[in-house]
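Have a look at input-v7.txt below; it lists compact mmCIF, C-alpha atoms.
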```
# COMPACT_ATOMS: atom_id res chain seq x y z
CA MET L 1 14.17 -26.40 -1.68
CA ARG L 2 12.08 -23.82 -3.54
CA ARG L 3 9.93 -23.14 -0.49
CA THR L 4 13.03 -22.59 1.64
CA LEU L 5 14.42 -20.10 -0.86
CA PHE L 6 11.12 -18.25 -1.06
CA ALA L 7 10.74 -18.19 2.73
CA SER L 8 14.25 -16.79 3.13
CA PHE L 9 13.65 -14.18 0.42
CA ALA L 10 10.31 -13.09 1.94
CA ARG L 11 11.78 -12.95 5.44
CA VAL L 12 14.58 -10.67 4.31
CA GLU L 13 12.11 -8.35 2.59
CA VAL L 14 9.82 -8.17 5.62
CA GLU L 15 12.67 -7.73 8.07
CA GLU L 16 14.23 -5.02 5.93
CA ALA L 17 10.91 -3.18 5.69
CA ILE L 18 10.45 -3.32 9.46
CA ARG L 19 13.96 -2.06 10.12
CA THR L 20 13.90 0.74 7.55
CA ARG L 21 10.42 2.23 8.06
CA ARG L 22 10.67 5.65 9.70
CA THR L 23 8.38 8.41 10.87
CA HIS L 24 8.45 11.22 8.32
CA LYS L 25 7.22 14.76 8.81
CA VAL L 26 8.18 16.15 5.39
CA TYR L 27 6.30 15.03 2.26
CA GLY L 28 5.94 15.76 -1.41
CA SER L 29 2.69 17.44 -2.42
CA GLU L 30 1.04 14.64 -4.42
CA PRO L 31 -1.72 12.77 -2.57
CA VAL L 32 -1.65 8.99 -2.49
CA PRO L 33 -3.91 7.77 -5.32
CA ARG L 34 -7.19 6.18 -4.25
CA GLN L 35 -6.32 2.86 -5.91
CA GLU L 36 -3.10 2.66 -3.90
CA LEU L 37 -4.95 3.52 -0.68
CA ASP L 38 -7.47 0.78 -1.46
CA GLU L 39 -4.59 -1.67 -1.88
CA LEU L 40 -3.14 -0.62 1.50
CA PHE L 41 -6.52 -1.05 3.19
CA GLU L 42 -6.92 -4.46 1.55
CA LEU L 43 -3.67 -5.52 3.21
CA ALA L 44 -4.78 -4.07 6.56
CA ARG L 45 -7.80 -6.36 6.63
CA TRP L 46 -5.41 -9.28 7.16
CA ALA L 47 -4.48 -8.04 10.64
CA PRO L 48 -5.13 -10.70 13.27
CA ASN L 49 -8.37 -10.08 15.12
CA HIS L 50 -10.11 -12.30 17.65
CA ASN L 51 -13.34 -13.83 16.31
CA LEU L 52 -12.79 -12.00 13.00
CA THR L 53 -14.52 -8.87 14.29
CA ASN L 54 -12.78 -6.61 11.72
CA PRO L 55 -12.98 -3.72 14.20
CA TRP L 56 -10.83 -1.19 12.33
CA ARG L 57 -12.27 1.78 10.50
CA PHE L 58 -10.32 3.98 8.07
CA ARG L 59 -11.50 7.42 6.96
CA VAL L 60 -9.54 9.19 4.24
CA VAL L 61 -9.76 12.90 4.98
CA GLY L 62 -10.86 14.98 1.99
CA PRO L 63 -10.57 18.78 1.65
CA ASP L 64 -13.91 19.61 3.31
CA ALA L 65 -13.26 17.27 6.24
CA LEU L 66 -9.74 18.68 6.57
CA ALA L 67 -11.08 22.23 6.76
CA ARG L 68 -13.51 21.17 9.52
CA LEU L 69 -10.76 19.31 11.37
CA LYS L 70 -8.40 22.29 11.18
CA GLU L 71 -11.12 24.55 12.53
CA ALA L 72 -11.75 22.16 15.42
CA ALA L 73 -8.00 21.89 16.08
CA GLY L 74 -7.32 25.61 16.33
CA GLU L 75 -4.68 27.64 14.54
CA GLU L 76 -1.55 26.24 16.18
CA ALA L 77 -2.48 22.55 15.90
CA ALA L 78 -4.00 22.99 12.43
CA ALA L 79 -0.56 23.62 10.89
CA LYS L 80 0.50 20.04 11.68
CA LEU L 81 -2.46 18.77 9.66
CA ASP L 82 -0.91 20.25 6.51
CA ARG L 83 2.28 18.16 6.68
CA ALA L 84 1.14 15.32 4.43
CA PRO L 85 -1.07 15.34 1.34
CA THR L 86 -3.05 12.30 2.52
CA LEU L 87 -4.51 11.86 6.00
CA VAL L 88 -6.27 8.74 7.24
CA VAL L 89 -8.18 8.61 10.51
CA VAL L 90 -7.98 5.17 12.11
CA SER L 91 -10.59 4.18 14.65
CA VAL L 92 -11.85 1.03 16.29
CA ALA L 93 -15.46 -0.01 16.72
CA GLU L 94 -16.17 -0.68 20.38
CA THR L 95 -18.65 -3.21 21.72
CA GLY L 96 -18.84 -2.19 25.36
CA ASP L 97 -17.28 -5.50 26.42
CA ALA L 98 -13.97 -4.53 28.05
CA ILE L 99 -12.06 -7.63 26.95
CA GLN L 100 -13.34 -7.59 23.36
CA ASP L 101 -12.66 -3.84 23.12
CA GLU L 102 -9.10 -4.35 24.34
CA GLU L 103 -8.49 -7.08 21.77
CA ASP L 104 -10.12 -5.03 19.01
CA HIS L 105 -8.00 -1.99 19.91
CA ALA L 106 -4.86 -4.10 19.51
CA ALA L 107 -6.13 -5.51 16.20
CA ALA L 108 -6.93 -2.05 14.82
CA SER L 109 -3.46 -0.85 15.86
CA VAL L 110 -1.90 -3.74 13.96
CA ALA L 111 -4.05 -2.89 10.91
CA ALA L 112 -2.83 0.72 11.09
CA TYR L 113 0.78 -0.47 11.25
CA ILE L 114 0.19 -2.71 8.24
CA VAL L 115 -0.88 0.39 6.29
CA LEU L 116 2.29 2.23 7.35
CA LEU L 117 4.55 -0.73 6.61
CA ALA L 118 2.95 -1.46 3.24
CA ALA L 119 3.11 2.24 2.32
CA HIS L 120 6.81 2.21 3.17
CA GLY L 121 7.25 -0.86 0.99
CA ARG L 122 5.82 1.16 -1.90
CA GLY L 123 8.26 4.02 -1.33
CA LEU L 124 5.82 6.28 0.53
CA ALA L 125 6.52 8.15 3.74
CA GLY L 126 4.28 7.80 6.77
CA TYR L 127 3.65 9.14 10.25
CA TRP L 128 1.27 7.92 12.97
CA ARG L 129 0.00 10.69 15.23
CA THR L 130 -2.60 10.85 17.96
CA PRO L 131 -3.60 14.52 17.85
CA ALA L 132 -5.71 15.92 20.68
CA VAL L 133 -8.32 17.24 18.24
CA LEU L 134 -9.39 13.66 17.48
CA ARG L 135 -10.17 13.11 21.16
CA SER L 136 -12.59 16.04 21.10
CA ALA L 137 -16.24 15.90 20.10
CA GLU L 138 -15.64 18.63 17.50
CA GLY L 139 -12.69 16.81 15.94
CA ARG L 140 -14.51 13.47 15.85
CA ALA L 141 -17.52 15.12 14.24
CA ALA L 142 -15.28 16.83 11.66
CA VAL L 143 -14.18 13.45 10.33
CA GLY L 144 -17.41 11.53 10.88
CA VAL L 145 -16.37 9.30 13.78
CA PRO L 146 -19.61 8.25 15.51
CA ASP L 147 -20.22 7.33 19.11
CA GLY L 148 -19.18 3.74 19.64
CA GLU L 149 -15.83 4.20 17.93
CA ARG L 150 -12.53 5.23 19.47
CA VAL L 151 -9.94 7.06 17.38
CA ILE L 152 -6.53 5.43 17.69
CA GLY L 153 -4.56 7.56 15.27
CA LEU L 154 -4.13 9.80 12.30
CA LEU L 155 -1.89 8.42 9.57
CA HIS L 156 -0.02 10.93 7.43
CA LEU L 157 0.94 9.48 4.05
CA GLY L 158 2.63 10.86 0.97
CA PRO L 159 5.70 10.88 -1.24
CA ARG L 160 8.98 10.71 0.65
CA ARG L 161 11.15 13.84 0.55
CA GLN L 162 13.89 12.80 2.93
CA GLU L 163 15.92 9.84 4.11
CA LYS L 164 16.11 9.21 7.81
CA GLU L 165 18.64 7.30 9.84
CA PRO L 166 17.31 4.83 12.40
CA PRO L 167 17.21 6.03 15.99
CA GLU L 168 18.90 4.06 18.74
CA ARG L 169 16.75 1.20 20.01
CA LEU L 170 16.89 -0.88 23.15
CA ALA L 171 18.50 -4.28 22.74
CA PRO L 172 16.10 -7.21 23.19
CA GLY L 173 17.91 -8.15 26.40
CA ASP L 174 16.64 -4.88 27.90
CA PHE L 175 12.97 -5.78 27.46
CA VAL L 176 12.70 -9.55 26.99
CA THR L 177 12.49 -12.04 29.83
CA TYR L 178 12.56 -15.78 29.27
CA LEU L 179 10.61 -17.48 32.02
CA PRO L 180 11.48 -20.99 33.24
```
Taking this structure as input, can you express it in the form of structure tokens?
Amino acid sequence: MRRTLFASFARVEVEEAIRTRRTHKVYGSEPVPRQELDELFELARWAPNHNLTNPWRFRVVGPDALARLKEAAGEEAAAKLDRAPTLVVVSVAETGDAIQDEEDHAAASVAAYIVLLAAHGRGLAGYWRTPAVLRSAEGRAAVGVPDGERVIGLLHLGPRRQEKEPPERLAPGDFVTYLP
């Protein structure tokens, strides 16, 4: 009986977190403390990954790296980099094996989502972007992403300053097929 109650309680919490997490573009000014970031990254390491390759890489962007990234981005794109007080570059280590790289890309994406979902569970706001500057050699160099890694996103994290209503979503019947 106890296990059933716990499972129901946990399911409600997880389902609620999934349904209420939103993309935020307005943040308070306080950066996410390092200890809290470390706790989020500890959770991310539990993402499923084939052969336990642990392919994800997280780089927390400090002030010097941010200045370099903004310079590489150019004036117009640089303004978007000031939205959140904490930025995290998420990349995936690539092996050169197409199948392994595809699986590792999916695993790193799940790890990034775990960070966003866990941050939301702690009352933080988040935003996953894929800015063009991180597909450029200058942008990658600005944040220390070496050859052999592919950037999959830039997570914006910080204190929430707004509440957002959920957007309309497709019903499962619009995208699920049950095969005989």
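Distances to L:Val90 were evaluated for L:Arg68, L:Arg169, L:His105, L:Arg19 using only C-alpha atoms, and the minimum falls at L:His105.
Comparing the minimum interatomic distances between L:Ala137 and each of L:Leu124, L:Val32, L:Ala171, L:Val151, counting all atoms listed in the file, we find that L:Val151 sits nearest.
Comparing L:Pro166, L:Gly153, L:Gly28, L:Gly121 by their smallest distance to L:Asp82, the closest is L:Gly28 (using only C-alpha atoms).
Counting all atoms listed in the file, the residue from L:Val26, L:Val176, L:Ala47, L:Ala142 that sits nearest to L:Tyr127 is L:Val26.
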Could you pull the residues within 10 Å of L:Leu134, counting all atoms listed in the file, minus those fewer than 2 positions along the same chain, as a ChimeraX atom specification? /L:69,72-73,89,91,130-132,136-143,145,150-154
What is the distance, in Å and to one decimal place, between atom CA of L:Ala125 and atom CA of L:Leu157? 5.7 Å
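Considering only C-alpha atoms, the residue among L:Arg135, L:His156, L:Arg57, L:Lys80 positioned nearest to L:Leu116 is L:His156.
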Hey, which of L:Glu103, L:Glu13, L:Glu94, L:Glu76 ends up closest to L:Pro48? Count only C-alpha atoms. L:Glu103
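Picture a line from atom CA of L:Ala79 to atom CA of L:Ser109; it runs 25.1 Å.
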Atomic distance atom CA of L:Arg59 - atom CA of L:Ile18, expressed in Å with one decimal: 24.6 Å
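All residues that come within 7 Å of the coordinates (-9.5, 13.0, 6.3), counting only C-alpha atoms, are given as Arg59, Val60, Val61, Gly62, Ala65, Leu66, Leu87, Val88, Val89 and Val143 of chain L.
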Could you pull the residues within 9 Å of L:Ala17, counting all atoms listed in the file, minus those fewer than 4 positions along the same chain, as a compact mmCIF listing (two decimals) with C-alpha atoms, in the coordinates of the input?
```txt
# COMPACT_ATOMS: atom_id res chain seq x y z
CA VAL L 12 14.58 -10.67 4.31
CA GLU L 13 12.11 -8.35 2.59
CA ARG L 21 10.42 2.23 8.06
CA LEU L 117 4.55 -0.73 6.61
CA ALA L 118 2.95 -1.46 3.24
CA HIS L 120 6.81 2.21 3.17
CA GLY L 121 7.25 -0.86 0.99
```
Could you name the residues that touch L:Val115 at 9 Å or less, counting all atoms listed in the file, but leaving out those on the same chain fewer than 2 positions away, as a compact mmCIF listing (two decimals) with C-alpha atoms, in the coordinates of the input?
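As a result, out_35.txt now contains:
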```txt
# COMPACT_ATOMS: atom_id res chain seq x y z
CA LEU L 37 -4.95 3.52 -0.68
CA LEU L 40 -3.14 -0.62 1.50
CA PHE L 41 -6.52 -1.05 3.19
CA LEU L 43 -3.67 -5.52 3.21
CA ALA L 44 -4.78 -4.07 6.56
CA VAL L 110 -1.90 -3.74 13.96
CA ALA L 111 -4.05 -2.89 10.91
CA ALA L 112 -2.83 0.72 11.09
CA TYR L 113 0.78 -0.47 11.25
CA LEU L 117 4.55 -0.73 6.61
CA ALA L 118 2.95 -1.46 3.24
CA ALA L 119 3.11 2.24 2.32
CA HIS L 120 6.81 2.21 3.17
CA LEU L 155 -1.89 8.42 9.57
```
Selected stretch 37-139 of chain L, written as a compact mmCIF listing (two decimals), in the first residue's frame, C-alpha atoms:
```txt
# COMPACT_ATOMS: atom_id res chain seq x y z
CA LEU L 37 23.65 24.21 -10.77
CA ASP L 38 25.75 21.28 -9.55
CA GLU L 39 22.58 19.64 -8.21
CA LEU L 40 20.84 20.13 -11.59
CA PHE L 41 23.81 18.62 -13.44
CA GLU L 42 23.85 15.70 -11.00
CA LEU L 43 20.26 14.96 -11.99
CA ALA L 44 21.08 15.31 -15.69
CA ARG L 45 23.61 12.50 -15.46
CA TRP L 46 20.71 10.09 -14.96
CA ALA L 47 19.50 10.63 -18.53
CA PRO L 48 19.27 7.34 -20.42
CA ASN L 49 22.26 6.81 -22.68
CA HIS L 50 23.19 3.74 -24.70
CA ASN L 51 26.27 1.95 -23.34
CA LEU L 52 26.54 4.60 -20.59
CA THR L 53 28.58 6.90 -22.82
CA ASN L 54 27.66 10.02 -20.78
CA PRO L 55 27.98 12.12 -23.94
CA TRP L 56 26.61 15.42 -22.60
CA ARG L 57 28.80 18.37 -21.77
CA PHE L 58 27.65 21.44 -19.83
CA ARG L 59 29.56 24.73 -19.79
CA VAL L 60 28.37 27.47 -17.44
CA VAL L 61 29.12 30.76 -19.15
CA GLY L 62 31.00 33.23 -16.94
CA PRO L 63 31.42 36.97 -17.59
CA ASP L 64 34.57 36.67 -19.74
CA ALA L 65 33.09 33.89 -21.87
CA LEU L 66 29.86 35.87 -22.20
CA ALA L 67 31.76 38.91 -23.46
CA ARG L 68 33.52 36.75 -26.07
CA LEU L 69 30.25 35.11 -27.07
CA LYS L 70 28.49 38.47 -27.44
CA GLU L 71 31.34 39.74 -29.60
CA ALA L 72 31.11 36.64 -31.81
CA ALA L 73 27.30 37.00 -31.99
CA GLY L 74 27.25 40.61 -33.15
CA GLU L 75 25.30 43.51 -31.70
CA GLU L 76 21.77 42.43 -32.60
CA ALA L 77 22.07 38.80 -31.45
CA ALA L 78 24.15 39.74 -28.38
CA ALA L 79 21.14 41.41 -26.73
CA LYS L 80 19.37 38.05 -26.43
CA LEU L 81 22.33 36.71 -24.46
CA ASP L 82 21.55 39.20 -21.67
CA ARG L 83 18.06 37.83 -20.96
CA ALA L 84 19.01 35.43 -18.17
CA PRO L 85 21.63 35.74 -15.44
CA THR L 86 22.85 32.16 -15.96
CA LEU L 87 23.67 30.61 -19.33
CA VAL L 88 24.66 26.99 -19.87
CA VAL L 89 26.01 25.69 -23.17
CA VAL L 90 24.97 22.09 -23.77
CA SER L 91 26.97 20.00 -26.22
CA VAL L 92 27.40 16.36 -27.09
CA ALA L 93 30.67 14.53 -27.59
CA GLU L 94 30.69 12.87 -31.00
CA THR L 95 32.47 9.64 -31.86
CA GLY L 96 32.29 9.70 -35.64
CA ASP L 97 30.03 6.63 -35.63
CA ALA L 98 26.74 7.84 -37.11
CA ILE L 99 24.51 5.55 -35.05
CA GLN L 100 26.29 6.19 -31.75
CA ASP L 101 26.32 9.94 -32.43
CA GLU L 102 22.58 9.90 -33.11
CA GLU L 103 21.90 8.05 -29.86
CA ASP L 104 24.25 10.32 -27.92
CA HIS L 105 22.59 13.43 -29.37
CA ALA L 106 19.23 12.17 -28.11
CA ALA L 107 20.71 11.36 -24.69
CA ALA L 108 22.29 14.81 -24.37
CA SER L 109 18.97 16.41 -25.34
CA VAL L 110 17.24 14.45 -22.59
CA ALA L 111 19.94 15.54 -20.11
CA ALA L 112 19.34 19.18 -21.11
CA TYR L 113 15.60 18.75 -20.58
CA ILE L 114 16.23 17.22 -17.16
CA VAL L 115 18.11 20.41 -16.22
CA LEU L 116 15.18 22.55 -17.40
CA LEU L 117 12.58 20.39 -15.68
CA ALA L 118 14.52 20.17 -12.42
CA ALA L 119 15.14 23.94 -12.49
CA HIS L 120 11.40 24.47 -12.93
CA GLY L 121 10.76 22.16 -9.99
CA ARG L 122 12.95 24.48 -7.90
CA GLY L 123 10.98 27.56 -8.95
CA LEU L 124 13.47 28.76 -11.58
CA ALA L 125 12.63 29.90 -15.08
CA GLY L 126 14.30 28.38 -18.12
CA TYR L 127 14.63 28.70 -21.87
CA TRP L 128 16.32 26.39 -24.40
CA ARG L 129 17.70 28.22 -27.42
CA THR L 130 19.85 27.18 -30.35
CA PRO L 131 21.48 30.49 -31.31
CA ALA L 132 23.35 30.70 -34.61
CA VAL L 133 26.48 32.01 -32.88
CA LEU L 134 27.02 28.57 -31.31
CA ARG L 135 27.13 27.01 -34.77
CA SER L 136 30.00 29.30 -35.73
CA ALA L 137 33.69 28.66 -35.10
CA GLU L 138 33.97 32.00 -33.26
CA GLY L 139 31.01 31.24 -30.99
```
